[in-house]
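Content type mmCIF, N, CA and C atoms, from the file model02.cif:
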data_structure
#
loop_
_atom_site.label_atom_id
_atom_site.label_comp_id
_atom_site.auth_asym_id
_atom_site.auth_seq_id
_atom_site.Cartn_x
_atom_site.Cartn_y
_atom_site.Cartn_z
N CYS A 1 82.29 73.98 160.10
CA CYS A 1 82.12 72.62 159.61
C CYS A 1 80.64 72.26 159.47
N ILE A 2 79.85 72.64 160.44
CA ILE A 2 78.41 72.33 160.37
C ILE A 2 77.78 73.04 159.18
N PHE A 3 78.17 74.28 158.95
CA PHE A 3 77.64 75.03 157.82
C PHE A 3 77.98 74.34 156.50
N THR A 4 79.20 73.88 156.36
CA THR A 4 79.64 73.19 155.14
C THR A 4 78.82 71.92 154.91
N VAL A 5 78.62 71.15 155.97
CA VAL A 5 77.81 69.93 155.85
C VAL A 5 76.38 70.28 155.47
N ALA A 6 75.83 71.31 156.09
CA ALA A 6 74.46 71.74 155.78
C ALA A 6 74.35 72.16 154.32
N CYS A 7 75.35 72.87 153.83
CA CYS A 7 75.34 73.28 152.42
C CYS A 7 75.41 72.09 151.49
N MET A 8 76.25 71.12 151.84
CA MET A 8 76.37 69.92 151.02
C MET A 8 75.05 69.16 150.99
N ILE A 9 74.40 69.03 152.14
CA ILE A 9 73.10 68.35 152.20
C ILE A 9 72.08 69.12 151.38
N SER A 10 72.06 70.44 151.52
CA SER A 10 71.13 71.26 150.77
C SER A 10 71.34 71.11 149.27
N GLN A 11 72.59 71.13 148.82
CA GLN A 11 72.88 70.96 147.40
C GLN A 11 72.43 69.59 146.91
N PHE A 12 72.61 68.56 147.74
CA PHE A 12 72.18 67.22 147.39
C PHE A 12 70.66 67.18 147.24
N GLU A 13 69.93 67.79 148.18
CA GLU A 13 68.47 67.82 148.12
C GLU A 13 67.99 68.53 146.87
N ILE A 14 68.62 69.62 146.51
CA ILE A 14 68.25 70.35 145.30
C ILE A 14 68.49 69.49 144.07
N THR A 15 69.64 68.82 144.02
CA THR A 15 69.96 67.95 142.89
C THR A 15 68.95 66.83 142.78
N VAL A 16 68.61 66.20 143.88
CA VAL A 16 67.65 65.10 143.88
C VAL A 16 66.28 65.60 143.43
N ASN A 17 65.85 66.73 143.96
CA ASN A 17 64.54 67.28 143.58
C ASN A 17 64.48 67.61 142.09
N ILE A 18 65.53 68.19 141.55
CA ILE A 18 65.56 68.51 140.13
C ILE A 18 65.54 67.23 139.30
N SER A 19 66.30 66.24 139.71
CA SER A 19 66.35 64.97 139.00
C SER A 19 64.99 64.30 138.98
N ILE A 20 64.31 64.27 140.11
CA ILE A 20 62.98 63.65 140.18
C ILE A 20 62.00 64.42 139.30
N ARG A 21 62.04 65.75 139.36
CA ARG A 21 61.12 66.55 138.55
C ARG A 21 61.38 66.33 137.06
N ASP A 22 62.65 66.29 136.64
CA ASP A 22 62.97 66.04 135.24
C ASP A 22 62.50 64.67 134.81
N ARG A 23 62.70 63.68 135.65
CA ARG A 23 62.27 62.31 135.33
C ARG A 23 60.75 62.28 135.19
N TYR A 24 60.05 62.96 136.09
CA TYR A 24 58.59 63.00 136.04
C TYR A 24 58.13 63.66 134.74
N ASN A 25 58.77 64.75 134.37
CA ASN A 25 58.39 65.45 133.15
C ASN A 25 58.57 64.60 131.91
N ASP A 26 59.52 63.65 131.95
CA ASP A 26 59.73 62.76 130.82
C ASP A 26 58.50 61.92 130.53
N PHE A 27 57.65 61.74 131.52
CA PHE A 27 56.49 60.87 131.37
C PHE A 27 55.17 61.63 131.35
N MET A 28 55.24 62.94 131.30
CA MET A 28 54.02 63.74 131.32
C MET A 28 53.16 63.52 130.09
N ARG A 29 53.74 63.25 128.96
CA ARG A 29 52.97 63.13 127.72
C ARG A 29 51.94 62.00 127.81
N ILE A 30 52.29 60.87 128.43
CA ILE A 30 51.31 59.78 128.49
C ILE A 30 50.14 60.16 129.39
N LYS A 31 50.38 60.92 130.41
CA LYS A 31 49.27 61.40 131.24
C LYS A 31 48.42 62.39 130.46
N GLU A 32 49.07 63.30 129.75
CA GLU A 32 48.33 64.27 128.94
C GLU A 32 47.48 63.57 127.90
N LEU A 33 48.04 62.59 127.21
CA LEU A 33 47.28 61.85 126.20
C LEU A 33 46.07 61.16 126.81
N ARG A 34 46.27 60.54 127.95
CA ARG A 34 45.17 59.85 128.62
C ARG A 34 44.08 60.83 129.01
N GLU A 35 44.46 61.94 129.62
CA GLU A 35 43.47 62.92 130.07
C GLU A 35 42.76 63.59 128.89
N GLU A 36 43.51 63.91 127.82
CA GLU A 36 42.90 64.52 126.64
C GLU A 36 41.85 63.62 126.00
N ASN A 37 42.02 62.31 126.18
CA ASN A 37 41.07 61.36 125.61
C ASN A 37 40.01 60.91 126.62
N GLY A 38 39.99 61.56 127.77
CA GLY A 38 38.96 61.28 128.77
C GLY A 38 39.00 59.87 129.33
N LEU A 39 40.19 59.32 129.46
CA LEU A 39 40.34 57.95 129.92
C LEU A 39 40.86 57.87 131.34
N THR A 40 40.53 56.81 132.02
CA THR A 40 41.07 56.56 133.35
C THR A 40 42.35 55.75 133.21
N GLN A 41 43.14 55.77 134.27
CA GLN A 41 44.33 54.92 134.28
C GLN A 41 43.92 53.46 134.11
N GLN A 42 42.82 53.07 134.72
CA GLN A 42 42.37 51.68 134.64
C GLN A 42 42.04 51.29 133.20
N ALA A 43 41.41 52.18 132.45
CA ALA A 43 41.07 51.88 131.06
C ALA A 43 42.32 51.65 130.21
N VAL A 44 43.32 52.50 130.38
CA VAL A 44 44.56 52.34 129.62
C VAL A 44 45.31 51.10 130.10
N ALA A 45 45.31 50.86 131.40
CA ALA A 45 45.96 49.67 131.94
C ALA A 45 45.31 48.40 131.38
N ASP A 46 43.99 48.40 131.28
CA ASP A 46 43.29 47.24 130.70
C ASP A 46 43.73 47.01 129.26
N TYR A 47 43.84 48.07 128.49
CA TYR A 47 44.27 47.96 127.09
C TYR A 47 45.68 47.38 127.01
N LEU A 48 46.54 47.82 127.92
CA LEU A 48 47.93 47.36 127.93
C LEU A 48 48.08 45.98 128.59
N ASN A 49 47.00 45.53 129.22
CA ASN A 49 47.02 44.25 129.95
C ASN A 49 48.01 44.29 131.12
N VAL A 50 47.97 45.42 131.85
CA VAL A 50 48.76 45.56 133.07
C VAL A 50 47.85 46.02 134.19
N LYS A 51 48.32 45.96 135.42
CA LYS A 51 47.54 46.45 136.55
C LYS A 51 47.54 47.97 136.55
N GLN A 52 46.52 48.54 137.16
CA GLN A 52 46.39 50.00 137.22
C GLN A 52 47.59 50.63 137.90
N ASN A 53 48.07 50.01 138.98
CA ASN A 53 49.21 50.61 139.69
C ASN A 53 50.49 50.56 138.84
N THR A 54 50.61 49.56 137.97
CA THR A 54 51.75 49.52 137.05
C THR A 54 51.67 50.68 136.07
N TYR A 55 50.47 50.91 135.52
CA TYR A 55 50.30 52.03 134.60
C TYR A 55 50.57 53.36 135.32
N SER A 56 50.11 53.48 136.55
CA SER A 56 50.35 54.69 137.33
C SER A 56 51.86 54.93 137.47
N GLN A 57 52.61 53.87 137.67
CA GLN A 57 54.06 54.01 137.77
C GLN A 57 54.68 54.47 136.46
N TYR A 58 54.11 54.08 135.34
CA TYR A 58 54.58 54.61 134.04
C TYR A 58 54.38 56.12 134.00
N GLU A 59 53.20 56.56 134.42
CA GLU A 59 52.88 57.99 134.37
C GLU A 59 53.76 58.82 135.29
N ASN A 60 54.06 58.29 136.46
CA ASN A 60 54.82 59.11 137.41
C ASN A 60 56.32 58.85 137.36
N GLY A 61 56.76 58.05 136.38
CA GLY A 61 58.18 57.86 136.16
C GLY A 61 58.86 56.87 137.08
N LYS A 62 58.09 56.12 137.83
CA LYS A 62 58.68 55.13 138.73
C LYS A 62 58.98 53.82 138.00
N ARG A 63 58.41 53.66 136.84
CA ARG A 63 58.65 52.46 136.04
C ARG A 63 58.90 52.91 134.60
N GLN A 64 59.90 52.34 133.99
CA GLN A 64 60.26 52.71 132.62
C GLN A 64 59.34 51.99 131.63
N LEU A 65 58.97 52.70 130.57
CA LEU A 65 58.17 52.09 129.51
C LEU A 65 59.02 51.10 128.74
N SER A 66 58.48 49.91 128.51
CA SER A 66 59.17 48.98 127.62
C SER A 66 58.88 49.40 126.19
N VAL A 67 59.63 48.89 125.26
CA VAL A 67 59.40 49.21 123.85
C VAL A 67 58.00 48.74 123.44
N ASP A 68 57.60 47.56 123.90
CA ASP A 68 56.27 47.04 123.57
C ASP A 68 55.16 47.96 124.07
N VAL A 69 55.28 48.42 125.31
CA VAL A 69 54.27 49.32 125.88
C VAL A 69 54.28 50.65 125.13
N LEU A 70 55.44 51.16 124.82
CA LEU A 70 55.55 52.40 124.06
C LEU A 70 54.83 52.30 122.72
N ILE A 71 55.05 51.21 122.01
CA ILE A 71 54.40 51.01 120.70
C ILE A 71 52.90 50.88 120.87
N LYS A 72 52.46 50.12 121.86
CA LYS A 72 51.02 49.96 122.10
C LYS A 72 50.35 51.31 122.40
N LEU A 73 51.01 52.13 123.22
CA LEU A 73 50.45 53.44 123.55
C LEU A 73 50.38 54.33 122.31
N ALA A 74 51.42 54.30 121.50
CA ALA A 74 51.42 55.11 120.27
C ALA A 74 50.28 54.68 119.35
N LYS A 75 50.10 53.39 119.18
CA LYS A 75 49.01 52.89 118.34
C LYS A 75 47.65 53.24 118.93
N PHE A 76 47.53 53.09 120.22
CA PHE A 76 46.27 53.37 120.92
C PHE A 76 45.83 54.82 120.72
N TYR A 77 46.79 55.74 120.86
CA TYR A 77 46.46 57.16 120.73
C TYR A 77 46.63 57.68 119.30
N LYS A 78 47.05 56.80 118.38
CA LYS A 78 47.25 57.17 116.97
C LYS A 78 48.25 58.32 116.82
N VAL A 79 49.38 58.16 117.52
CA VAL A 79 50.48 59.12 117.44
C VAL A 79 51.77 58.33 117.24
N THR A 80 52.85 59.03 117.00
CA THR A 80 54.14 58.36 116.83
C THR A 80 54.76 58.08 118.20
N THR A 81 55.69 57.14 118.21
CA THR A 81 56.42 56.88 119.45
C THR A 81 57.25 58.11 119.84
N ASP A 82 57.74 58.84 118.86
CA ASP A 82 58.48 60.07 119.15
C ASP A 82 57.59 61.08 119.88
N TYR A 83 56.32 61.14 119.50
CA TYR A 83 55.40 62.05 120.17
C TYR A 83 55.21 61.62 121.62
N VAL A 84 55.02 60.33 121.84
CA VAL A 84 54.85 59.83 123.20
C VAL A 84 56.08 60.16 124.04
N LEU A 85 57.25 60.04 123.45
CA LEU A 85 58.50 60.30 124.16
C LEU A 85 58.87 61.78 124.22
N GLU A 86 58.00 62.63 123.68
CA GLU A 86 58.22 64.08 123.64
C GLU A 86 59.43 64.46 122.82
N LEU A 87 59.71 63.69 121.78
CA LEU A 87 60.80 64.04 120.88
C LEU A 87 60.29 64.89 119.71
N GLU A 88 58.97 64.99 119.60
CA GLU A 88 58.35 65.86 118.61
C GLU A 88 57.06 66.40 119.17
N ASP A 89 56.57 67.49 118.58
CA ASP A 89 55.31 68.09 119.04
C ASP A 89 54.15 67.69 118.19
#

Here is a file; write its structure as structure tokens.
Amino acid sequence: CIFTVACMISQFEITVNISIRDRYNDFMRIKELREENGLTQQAVADYLNVKQNTYSQYENGKRQLSVDVLIKLAKFYKVTTDYVLELED
């Protein structure tokens, strides 16, 4: 019984870790764009008129991008929203 419970917990931890990693990867493009342009989180946050910690949460997947923020980022970096969302290369 203990082994079964341990296996179930282990499977849950693996599922959670994969889910978090996948969610994080969904937001990697905005970090890449910022770094490629030599910008700080604070600089992009100022452009978006949000706090730096809010922008940080966008990058690490803890906060979802609104449509308005998505459009602003695409315009800022002169790319499509699909590119920001990693729907195109």

Next item on the list: Extract, using only N, CA and C atoms, all DNA, RNA and protein residues at most 8 Å from stretch 40-44 of chain A, discarding same-chain residues fewer than 6 positions from it, and format them as a PyMOL selection string.
Entry: chain A and resi 34+50-53+55-56

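Residue nearest A:Leu48 within the list A:Ile30, A:Leu73, A:Leu85, A:Val79: A:Leu73 [criterion: smallest interatomic distance, only N, CA and C atoms].
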
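Of note, atom CA of A:Arg63 and atom CA of A:Asp89 are spaced 23.3 Å apart.
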
Check: Using only C-alpha atoms, which residue out of A:Thr54, A:Gly38, A:Glu32, A:Tyr47 lies closest to A:Lys75?
Finding: A:Tyr47

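Taking atom CA of A:Ala45 and atom N of A:Glu88 as endpoints, the distance between them is 23.6 Å.
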
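Going from atom CA of A:Gln57 to atom CA of A:Leu70 covers 13.9 Å.
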
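Distances to A:Tyr77 were evaluated for A:Asn49, A:Leu33, A:Lys62, A:Leu39 using all atoms listed in the file, and the minimum falls at A:Leu33.
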
Next item on the list: Using only C-alpha atoms, find the one residue out of A:Gly61, A:Glu86, A:Phe76, A:Ile71 that sits nearest to A:Asn37.
Entry: A:Phe76
